[in-house]
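Asks: Contents of query.txt (compact mmCIF, C-alpha atoms):
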# COMPACT_ATOMS: atom_id res chain seq x y z
CA MET A 44 -6.67 48.45 -32.77
CA LEU A 45 -6.63 52.15 -31.96
CA GLU A 46 -6.72 53.47 -28.44
CA VAL A 47 -7.91 56.98 -27.65
CA VAL A 48 -6.60 58.99 -24.71
CA LEU A 49 -8.40 62.20 -23.77
CA ASP A 50 -5.62 64.43 -22.46
CA ILE A 51 -7.39 66.52 -19.86
CA CYS A 52 -6.43 65.43 -16.38
CA SER A 53 -3.57 66.49 -14.15
CA GLY A 54 -3.60 64.38 -10.98
CA MET A 55 -5.94 61.60 -12.14
CA PRO A 56 -5.20 59.27 -15.06
CA ASN A 57 -6.61 60.46 -18.39
CA PRO A 58 -9.73 58.66 -19.67
CA HIS A 59 -8.98 56.16 -22.42
CA TRP A 60 -10.91 53.73 -24.59
CA VAL A 61 -10.42 51.51 -27.65
CA LEU A 62 -12.20 52.17 -30.93
CA SER A 63 -14.28 49.39 -32.46
CA ASP A 64 -13.34 48.16 -35.96
CA SER A 65 -16.02 50.29 -37.57
CA GLN A 66 -15.03 53.32 -35.49
CA GLU A 67 -11.39 52.82 -36.42
CA GLU A 68 -12.27 52.73 -40.09
CA LYS A 69 -14.33 55.89 -39.70
CA PHE A 70 -11.58 57.64 -37.75
CA LEU A 71 -8.88 56.83 -40.30
CA SER A 72 -11.06 58.03 -43.15
CA LYS A 73 -11.72 61.28 -41.26
CA VAL A 74 -7.98 61.74 -40.69
CA LYS A 75 -7.37 61.08 -44.38
CA ALA A 76 -9.89 63.76 -45.25
CA VAL A 77 -7.77 66.36 -43.43
CA THR A 78 -5.39 67.15 -46.24
CA THR A 79 -4.03 70.67 -45.86
CA PRO A 80 -0.41 70.51 -44.69
CA THR A 81 0.83 72.78 -41.93
CA LEU A 82 4.05 73.28 -40.04
CA SER A 83 2.07 74.48 -37.01
CA LYS A 84 1.78 72.49 -33.82
CA PRO A 85 -1.43 72.26 -31.77
CA SER A 86 -1.52 75.10 -29.24
CA SER A 87 -1.75 72.61 -26.37
CA VAL A 88 1.89 71.58 -26.81
CA VAL A 89 2.35 74.50 -24.42
CA PRO A 90 1.40 72.88 -21.09
CA LYS A 91 -1.83 74.02 -19.48
CA LEU A 92 -4.53 72.71 -17.18
CA GLY A 93 -7.71 71.34 -18.71
CA TYR A 94 -8.51 70.01 -22.16
CA ARG A 95 -5.36 69.47 -24.22
CA GLY A 96 -6.62 67.27 -27.05
CA PHE A 97 -6.74 63.62 -28.01
CA ILE A 98 -3.91 61.14 -28.37
CA VAL A 99 -4.85 58.28 -30.69
CA ARG A 100 -2.35 55.46 -30.83
CA SER A 101 -2.11 51.97 -32.19
CA SER A 102 -2.46 49.34 -29.51
CA HIS A 103 -1.19 46.75 -31.98
CA CYS A 104 1.28 44.29 -30.49
CA SER A 105 4.23 45.64 -32.43
CA GLY A 106 3.74 49.03 -30.84
CA SER A 107 4.47 50.45 -34.23
CA GLY A 108 2.86 53.03 -36.40
CA ASN A 109 -0.28 54.98 -36.03
CA SER A 110 -0.04 57.69 -33.46
CA PHE A 111 -1.85 61.00 -33.68
CA PHE A 112 -2.19 64.04 -31.47
CA ILE A 113 -5.29 66.03 -32.30
CA HIS A 114 -6.17 69.45 -30.97
CA GLY A 115 -7.37 72.76 -32.33
CA GLY A 116 -8.15 71.36 -35.76
CA ILE A 117 -4.61 70.11 -36.21
CA VAL A 118 -3.64 66.46 -36.66
CA ASP A 119 -0.09 66.08 -35.37
CA PHE A 120 1.54 62.96 -36.79
CA GLY A 121 4.68 63.31 -34.72
CA GLN A 122 8.23 64.33 -35.34
CA PHE A 123 8.76 62.88 -38.80
CA ARG A 124 5.56 63.63 -40.68
CA VAL A 125 4.05 66.93 -41.78
CA ASN A 126 0.98 67.90 -39.77
CA ARG A 127 -2.42 68.50 -41.34
CA LYS A 128 -5.03 71.12 -40.49
CA ALA A 129 -8.80 71.35 -40.81
CA ASP A 130 -10.89 74.51 -40.71
CA ASN A 131 -13.14 73.01 -38.05
CA ARG A 132 -12.94 70.75 -35.00
CA ASP A 133 -15.26 68.00 -36.26
CA LEU A 134 -12.62 65.31 -35.73
CA GLU A 135 -12.30 66.23 -32.07
CA ARG A 136 -16.10 66.26 -31.71
CA TRP A 137 -16.28 62.83 -33.28
CA LEU A 138 -13.60 61.50 -30.92
CA LEU A 139 -15.48 62.97 -27.97
CA ASP A 140 -18.64 61.17 -29.13
CA SER A 141 -16.72 57.89 -29.39
CA ALA A 142 -15.98 58.08 -25.66
CA LYS A 143 -19.58 57.20 -24.73
CA SER A 144 -19.67 56.15 -21.06
CA TYR A 145 -15.88 56.21 -20.64
CA ILE A 146 -16.02 59.87 -19.61
CA SER A 147 -18.15 61.71 -17.08
CA ASN A 148 -20.79 64.26 -18.04
CA SER A 149 -18.71 67.02 -16.47
CA ILE A 150 -15.68 66.16 -18.61
CA ARG A 151 -17.85 65.94 -21.69
CA THR A 152 -19.32 69.37 -20.96
CA GLU A 153 -15.88 70.86 -20.35
CA VAL A 154 -14.51 69.55 -23.65
CA ASN A 155 -17.63 70.62 -25.57
CA ASN A 156 -17.23 74.13 -24.18
CA GLU A 157 -13.60 74.19 -25.35
CA LEU A 158 -14.53 72.89 -28.79
CA GLY A 159 -16.99 75.73 -29.11
CA LYS A 160 -14.22 78.29 -28.73
CA SER A 161 -12.09 79.44 -31.65
CA SER A 162 -8.52 78.23 -31.43
CA SER A 163 -5.62 80.63 -31.79
CA ILE A 164 -4.02 78.05 -34.04
CA LEU A 165 -6.94 78.13 -36.47
CA GLN A 166 -6.47 81.89 -36.73
CA THR A 167 -2.80 81.56 -37.62
CA LEU A 168 -3.23 79.03 -40.39
CA ALA A 169 -2.78 81.70 -43.03
CA LEU A 170 0.66 82.50 -41.65
CA ASP A 171 2.13 79.07 -42.37
CA PRO A 172 5.52 79.42 -44.04
CA PRO A 173 5.75 78.01 -47.56
CA GLN A 174 6.74 74.35 -47.86
CA PRO A 175 10.46 73.91 -48.49
CA GLN A 176 11.34 73.02 -52.07
CA VAL A 177 12.82 69.56 -52.55
CA ASP A 178 14.62 68.71 -55.76
CA CYS A 179 14.28 64.97 -56.22
CA LEU A 180 16.33 63.13 -58.80
CA ALA A 181 15.22 63.80 -62.33
CA GLY A 182 15.34 60.20 -63.57
CA GLN A 183 11.86 58.73 -63.29
CA ALA A 184 10.30 55.52 -64.41
CA ALA A 185 7.02 55.25 -66.29
CA ASP A 186 6.17 52.27 -64.07
CA ALA A 187 7.20 53.94 -60.79
CA PRO A 188 4.53 53.32 -58.16
CA ALA A 189 2.50 56.17 -56.71
CA TYR A 190 3.36 57.26 -53.18
CA ASN A 191 0.28 55.87 -51.41
CA PRO A 192 1.18 55.30 -47.75
CA GLY A 193 -2.42 54.53 -46.78
CA LEU A 194 -2.33 51.36 -48.86
CA TRP A 195 0.46 50.07 -46.62
CA ASN A 196 -0.29 51.84 -43.33
CA ASN A 197 -4.02 51.54 -42.74
CA ASN A 198 -4.10 47.80 -42.05
CA PRO A 199 -2.13 46.70 -38.95
CA VAL A 200 -1.44 43.28 -40.50
CA THR A 201 0.05 44.88 -43.61
CA VAL A 202 2.21 47.16 -41.43
CA SER A 203 3.56 44.35 -39.27
CA SER A 204 3.95 41.64 -41.90
CA ASN A 205 5.70 43.46 -44.76
CA ASN A 206 9.18 44.94 -44.69
CA CYS A 207 11.36 47.32 -46.72
CA TYR A 208 11.94 44.73 -49.44
CA ASN A 209 8.19 44.13 -49.85
CA TYR A 210 7.70 47.88 -50.15
CA ALA A 211 10.55 48.50 -52.58
CA ASN A 212 9.08 45.82 -54.81
CA ASN A 213 5.57 47.21 -54.24
CA TYR A 214 4.37 43.74 -53.28
CA ILE A 215 2.28 42.93 -50.21
CA ASP A 216 2.57 39.23 -49.35
CA ASN A 217 2.61 39.40 -45.53
CA LEU A 218 5.73 37.20 -45.55
CA PHE A 219 8.34 39.82 -44.58
CA ALA A 220 10.17 39.13 -47.86
CA GLN A 221 13.90 38.39 -47.86
CA PRO A 222 16.17 38.93 -50.90
CA GLY A 223 17.11 35.60 -52.41
CA TYR A 224 14.71 33.68 -50.17
CA GLY A 225 14.91 30.03 -51.08
CA ARG A 226 17.83 30.82 -53.38
CA GLY A 227 20.62 31.07 -50.81
CA GLY A 228 19.74 34.34 -49.09
CA PRO A 229 20.38 36.23 -46.83
CA GLY A 230 24.07 35.30 -46.57
CA ASN A 231 26.60 37.81 -45.29
CA LEU A 232 25.23 41.24 -44.59
CA ALA A 233 27.62 43.00 -46.91
CA CYS A 234 26.87 44.94 -50.08
CA PRO A 235 27.92 42.34 -52.67
CA ASP A 236 25.98 39.54 -50.94
CA CYS A 237 22.80 41.56 -50.50
CA GLN A 238 22.95 42.76 -54.09
CA GLN A 239 23.54 39.21 -55.32
CA ASN A 240 20.51 37.97 -53.39
CA ALA A 241 18.33 40.63 -54.98
CA THR A 242 19.71 39.75 -58.41
CA ALA A 243 18.65 36.15 -57.78
CA ASP A 244 15.09 37.47 -57.38
CA GLY A 245 15.28 39.32 -60.69
CA LEU A 246 16.41 42.83 -59.74
CA VAL A 247 19.01 44.37 -62.03
CA ALA A 248 22.11 46.30 -60.97
CA CYS A 249 22.53 49.84 -62.24
CA ASN A 250 25.00 52.61 -61.50
CA ASP A 251 22.85 55.69 -61.73
CA VAL A 252 19.22 56.67 -61.81
CA ASN A 253 19.39 59.56 -64.24
CA ASN A 254 18.02 57.59 -67.16
CA ALA A 255 14.28 57.59 -67.60
CA LEU A 256 12.82 54.09 -67.68
CA ARG A 257 10.10 53.44 -70.24
CA ALA A 258 6.88 51.55 -69.59
CA GLY A 259 7.67 47.87 -69.06
CA GLU A 260 11.19 48.58 -67.78
CA GLY A 261 10.33 48.81 -64.06
CA TRP A 262 11.40 51.39 -61.46
CA TYR A 263 14.42 52.34 -59.39
CA VAL A 264 15.18 50.99 -55.92
CA ALA A 265 18.17 51.53 -53.65
CA LEU A 266 19.95 49.22 -51.23
CA VAL A 267 21.69 50.37 -48.05
CA ILE A 268 23.19 48.19 -45.34
CA ASN A 269 24.14 48.31 -41.68
CA PRO A 270 27.27 46.17 -42.19
CA GLY A 271 27.03 42.78 -40.54
CA ILE A 272 23.66 43.66 -39.01
CA ASP A 273 20.89 44.49 -41.49
CA TYR A 274 19.90 45.76 -44.90
CA HIS A 275 17.26 48.24 -46.03
CA TRP A 276 15.61 49.23 -49.29
CA TYR A 277 14.14 52.43 -50.73
CA ARG A 278 12.07 52.90 -53.85
CA GLN A 279 11.62 55.88 -56.16
CA ASP A 280 7.98 56.88 -56.53
CA ASN A 281 6.31 58.51 -59.52
CA THR A 282 7.03 61.90 -57.95
CA GLY A 283 10.76 61.33 -58.40
CA CYS A 284 11.18 61.38 -54.60
CA TRP A 285 11.92 58.24 -52.61
CA SER A 286 10.05 56.44 -49.86
CA HIS A 287 10.57 53.37 -47.67
CA LYS A 288 9.22 51.10 -44.97
CA GLN A 289 11.40 50.48 -41.93
CA GLY A 290 10.74 46.98 -40.64
CA CYS A 291 7.39 46.68 -38.86
CA TRP A 292 6.72 50.42 -39.12
CA PRO A 293 4.52 52.43 -41.49
CA VAL A 294 5.69 53.67 -44.85
CA THR A 295 7.26 57.12 -44.84
CA ASP A 296 8.91 59.47 -47.30
CA ARG A 297 11.24 60.90 -44.64
CA ASP A 298 14.78 60.08 -43.61
CA ASN A 299 16.18 59.94 -40.07
CA SER A 300 16.36 63.74 -39.99
CA GLY A 301 12.74 64.11 -41.02
CA ASN A 302 13.64 65.34 -44.50
CA VAL A 303 11.97 64.30 -47.74
CA ILE A 304 14.27 61.82 -49.49
CA ALA A 305 15.51 63.27 -52.74
CA ASP A 306 18.29 60.70 -53.11
CA PRO A 307 18.97 57.75 -50.74
CA GLN A 308 22.69 58.08 -51.43
CA HIS A 309 22.69 61.48 -49.76
CA CYS A 310 20.03 61.28 -47.05
CA ASP A 311 20.34 60.57 -43.31
CA LEU A 312 20.79 56.78 -43.12
CA GLY A 313 21.70 56.57 -39.44
CA ALA A 314 24.19 53.72 -39.05
CA TYR A 315 23.48 52.37 -42.54
CA VAL A 316 25.64 53.02 -45.60
CA PHE A 317 24.68 53.32 -49.23
CA CYS A 318 25.31 50.22 -51.38
CA THR A 319 23.80 50.53 -54.82
CA TYR A 320 20.88 51.50 -56.96
CA MET A 321 19.03 48.72 -58.74
CA ILE A 322 16.16 48.44 -61.16
CA ARG A 323 13.07 46.48 -60.21
CA PRO A 324 11.81 45.16 -63.57
CA PRO A 325 8.58 43.26 -64.24
CA GLY A 326 8.62 39.56 -63.40
CA VAL A 327 10.48 39.81 -60.08
CA ALA A 328 9.45 37.07 -57.64
CA ILE A 329 10.03 37.67 -53.93
CA SER A 330 9.10 35.67 -50.86
CA GLY A 331 9.87 35.24 -47.17
CA GLY A 332 9.34 33.13 -44.09
CA GLY A 333 7.00 35.43 -42.19
CA SER A 334 7.70 37.93 -39.43
CA PRO A 335 7.55 37.89 -35.62
CA CYS A 336 6.28 41.49 -35.41
CA MET B 130 3.01 34.64 -16.99
CA ALA B 131 5.47 34.88 -19.88
CA ILE B 132 7.10 37.99 -21.26
CA LYS B 133 8.19 37.96 -24.88
CA VAL B 134 10.66 40.72 -25.75
CA MET B 135 11.11 42.14 -29.26
CA LEU B 136 14.18 44.30 -29.87
CA ASP B 137 12.90 46.68 -32.55
CA ALA B 138 15.99 47.71 -34.49
CA LEU B 139 16.00 46.09 -37.90
CA SER B 140 14.35 46.79 -41.22
CA GLY B 141 15.04 44.03 -43.74
CA LEU B 142 15.72 41.21 -41.34
CA PRO B 143 13.15 40.23 -38.68
CA ASN B 144 13.66 41.77 -35.25
CA PRO B 145 15.21 39.55 -32.57
CA VAL B 146 12.67 38.07 -30.16
CA TRP B 147 13.26 36.20 -26.90
CA THR B 148 11.38 35.21 -23.75
CA LEU B 149 12.48 36.30 -20.28
CA ASP B 150 13.17 33.47 -17.85
CA ALA B 151 11.36 33.32 -14.49
CA GLN B 152 14.01 35.31 -12.61
CA GLN B 153 14.24 37.98 -15.32
CA GLU B 154 10.47 38.24 -15.41
CA GLN B 155 10.33 38.82 -11.67
CA GLU B 156 13.02 41.48 -11.92
CA PHE B 157 11.26 43.17 -14.81
CA TRP B 158 8.04 43.61 -12.88
CA ALA B 159 9.95 44.77 -9.79
CA ARG B 160 11.77 47.38 -11.86
CA LEU B 161 8.57 48.49 -13.54
CA GLU B 162 6.90 49.00 -10.19
CA THR B 163 9.50 51.56 -9.19
CA LEU B 164 8.88 53.83 -12.18
CA ALA B 165 6.99 57.07 -11.68
CA PRO B 166 4.22 58.19 -14.02
CA VAL B 167 4.88 60.91 -16.57
CA GLN B 168 2.36 63.03 -18.47
CA ALA B 169 1.68 61.70 -21.96
CA ARG B 170 2.79 65.02 -23.46
CA ASP B 171 6.23 64.67 -21.81
CA ALA B 172 6.63 61.03 -22.79
CA ILE B 173 8.99 60.03 -25.59
CA GLU B 174 7.35 58.29 -28.53
CA ARG B 175 9.10 55.43 -30.26
CA PRO B 176 10.42 56.83 -33.53
CA ASN B 177 9.82 55.61 -37.07
CA LEU B 178 13.55 55.57 -37.86
CA LEU B 179 16.17 53.48 -39.56
CA GLY B 180 17.94 51.87 -36.60
CA TYR B 181 17.19 51.24 -32.94
CA ARG B 182 13.55 51.94 -31.98
CA GLY B 183 13.30 50.43 -28.51
CA PHE B 184 11.59 47.35 -27.13
CA SER B 185 8.11 45.94 -27.46
CA LEU B 186 7.07 43.41 -24.82
CA GLN B 187 4.12 41.05 -24.82
CA ALA B 188 3.14 39.78 -21.38
CA THR B 189 0.71 36.86 -21.45
CA GLY B 190 -1.33 34.74 -18.96
CA PRO B 191 -2.72 34.21 -16.37
CA ALA B 192 -3.38 37.96 -16.04
CA PRO B 193 -4.87 39.71 -19.11
CA ALA B 194 -2.32 40.05 -21.90
CA GLU B 195 -0.67 43.42 -22.21
CA THR B 196 1.80 45.20 -24.45
CA ILE B 197 4.54 47.35 -22.98
CA THR B 198 6.85 49.47 -25.12
CA ILE B 199 10.06 51.10 -23.97
CA TYR B 200 12.25 53.74 -25.61
CA GLY B 201 14.19 56.84 -24.81
CA GLY B 202 13.43 56.98 -21.11
CA THR B 203 9.69 56.32 -21.42
CA VAL B 204 7.72 53.15 -20.77
CA TRP B 205 4.23 52.88 -22.26
CA GLN B 206 1.98 50.42 -20.41
CA GLY B 207 -1.41 50.66 -22.08
CA SER B 208 -2.24 54.34 -22.11
CA ALA B 209 -0.08 55.03 -19.06
CA SER B 210 3.41 56.44 -19.52
CA LEU B 211 6.22 55.99 -16.98
CA ARG B 212 9.62 57.63 -16.68
CA ASP B 213 12.56 55.26 -17.14
CA ALA B 214 15.24 57.47 -15.61
CA GLY B 215 18.64 57.08 -17.22
CA ARG B 216 17.09 54.54 -19.61
CA ALA B 217 17.91 51.97 -16.93
CA LEU B 218 15.16 49.53 -17.86
CA GLU B 219 16.14 49.71 -21.54
CA LYS B 220 19.76 48.99 -20.69
CA TRP B 221 18.76 46.10 -18.43
CA LEU B 222 16.49 44.59 -21.10
CA LEU B 223 19.30 44.68 -23.63
CA LYS B 224 21.40 42.62 -21.23
CA THR B 225 18.73 39.90 -21.20
CA ALA B 226 19.25 39.28 -24.95
CA PRO B 227 20.47 35.71 -25.50
CA ALA B 228 23.73 34.87 -27.25
CA SER B 229 21.82 34.11 -30.44
CA VAL B 230 21.14 37.82 -30.95
CA ASN B 231 23.72 39.40 -33.25
CA PRO B 232 26.47 40.73 -30.92
CA MET B 233 27.26 43.48 -33.43
CA LEU B 234 23.68 44.73 -33.08
CA ILE B 235 23.94 44.60 -29.27
CA ALA B 236 27.21 46.52 -29.34
CA GLN B 237 25.74 49.18 -31.62
CA ILE B 238 22.72 49.69 -29.38
CA ASN B 239 24.88 49.72 -26.25
CA GLN B 240 26.83 52.54 -27.84
CA GLU B 241 23.64 54.43 -28.53
CA LEU B 242 22.47 53.89 -24.94
CA GLY B 243 25.81 55.02 -23.60
CA THR B 244 26.63 51.75 -21.86
Once you've parsed the file, please lay out its structure as structure tokens.

Replies:
Amino acid sequence: MLEVVLDICSGMPNPHWVLSDSQEEKFLSKVKAVTTPTLSKPSSVVPKLGYRGFIVRSSHCSGSGNSFFIHGGIVDFGQFRVNRKADNRDLERWLLDSAKSYISNSIRTEVNNELGKSSSILQTLALDPPQPQVDCLAGQAADAPAYNPGLWNNNPVTVSSNNCYNYANNYIDNLFAQPGYGRGGPGNLACPDCQQNATADGLVACNDVNNALRAGEGWYVALVINPGIDYHWYRQDNTGCWSHKQGCWPVTDRDNSGNVIADPQHCDLGAYVFCTYMIRPPGVAISGGGSPC
Amino acid sequence: MAIKVMLDALSGLPNPVWTLDAQQEQEFWARLETLAPVQARDAIERPNLLGYRGFSLQATGPAPAETITIYGGTVWQGSASLRDAGRALEKWLLKTAPASVNPMLIAQINQELGT
């Protein structure tokens, strides 16, 4: 479920309402249609009185995932995702319409007046700096999955019920898969044990990812661990860059520093350490016991 | 009313979940009542990171169910955001974790919280 907050008040609480299922579907498709990346922030990040945009957040029980800040034609996905910009304010107008009786006529008029003005941000779009170049590892696999976060992120059940191991294997089963499930996993949370569990599922150890994999040979994944505490998996997409899914949270192609992941062995892993690369060939069977997210 | 607490910190393994006992529940609501509101724009969002990402609480019956999330000095209760000065509520919630929660995980988060 998505909740909308109209950020406009100062002393009083901001108006807020929940989108219906059909509205949510419409909203997410409108957000998806805003595709031009930008490093700009909405102008209302500078505090001011009056209309400051819409905050749209997931009200799903896990508290994870979807959260957007929309103002001035810009969709701000937060600290770790690149923003997107539109050349109009249709998304804000649509959100205003979704408010129905949750807002007063005076608030509606005020926001409509603001939406009729040109935003200084829209006028600076042409000044965006070029996107930084990222050199991802050259070794790619013919079978490597496409980076398609929407497939994993647009359904709250998919987000909360599939983990990093599901994602690395590109397999949605809503069982929060565990390496070696039913075959002795998880065992000790150390590199050799985690790797052994994955091998029991059919993954194959490899030392480097510089060899191209032909069709039918699978794709590359990487295992990192927080020793004694947890494990985590990445996968290499057909772009050559890597992406992952952190527990109950949406898929992302960024590391803990917000950088595109060119190589999991050399990205910001937080408290985790790199273990090994592996190959995920065809015929791997994974499973799990479900998730409390 | 029951409050189920999820410590959101893991990726591969499921997050630890426990239920506050009656005394803890009473203390939680008392602590929450003392928190001052903060503008949404100044509130800290829970991050999509590898590692500790805060707490997600589910409070159920007899009052309407609600979800409360806590991280980085901010408490989100519905669309309202509250300031958790010094991350005191976060630190207190971590102390309510039962012995079954991995002590190494608790120690790591305590270090991050500065306790």

Asks: If I take atom CA of B:Gly141 and atom CA of A:Pro222, how far is one from the other in Å, to one decimal?

Replies: 8.9 Å

Asks: Do a neighbour search on A:Ile215 at 9 Å with all atoms listed in the file, toss out local chain neighbours closer than 2 positions, and write the hits as JSON, numbers by chain.

Replies: {"A": [195, 201, 204, 205, 209, 210, 212, 213, 217, 218, 219]}

Asks: Based on the selection just made, write C-alpha atoms of those residues as a short mmCIF file (atom, residue, chain, number, x, y, z; two decimals), keeping the file's coordinate frame.

Replies:
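Done, and the output landed in again_4.cif:
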data_model
loop_
_atom_site.label_atom_id
_atom_site.label_comp_id
_atom_site.auth_asym_id
_atom_site.auth_seq_id
_atom_site.Cartn_x
_atom_site.Cartn_y
_atom_site.Cartn_z
CA TRP A 195 0.46 50.07 -46.62
CA THR A 201 0.05 44.88 -43.61
CA SER A 204 3.95 41.64 -41.90
CA ASN A 205 5.70 43.46 -44.76
CA ASN A 209 8.19 44.13 -49.85
CA TYR A 210 7.70 47.88 -50.15
CA ASN A 212 9.08 45.82 -54.81
CA ASN A 213 5.57 47.21 -54.24
CA ASN A 217 2.61 39.40 -45.53
CA LEU A 218 5.73 37.20 -45.55
CA PHE A 219 8.34 39.82 -44.58
#

Asks: Using only C-alpha atoms, which of B:Gln206, B:Gln168, B:Thr225, B:Ser185 sits nearest B:Ala138?

Replies: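 Using only C-alpha atoms, B:Ala138 sits closest to B:Ser185.
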
Asks: What does the distance from atom CA of B:Asn231 to atom CA of A:Asn206 come to in Å, to one decimal?

Replies: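 Going from atom CA of B:Asn231 over to atom CA of A:Asn206, I get 19.3 Å.
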
Asks: Within 7 Å of chain A, which residues belong to chain B? Use all atoms listed in the file and report them as a PyMOL selection string.

Replies: chain B and resi 139-143+177-180+185+196+198+208+233-234

Asks: Excluding B:Pro166 and any residue of its chain fewer than 3 positions from it, enumerate the residues within 9 Å of it, using only C-alpha atoms, and give them as a PyMOL selection string.

Replies: chain B and resi 209-212

Asks: Which is closest to A:Phe97 among B:Ala169, B:Leu223, B:Val204, B:Ala217, if we use all atoms listed in the file?

Replies: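 Of the candidates, the smallest distance to A:Phe97 is held by B:Ala169.
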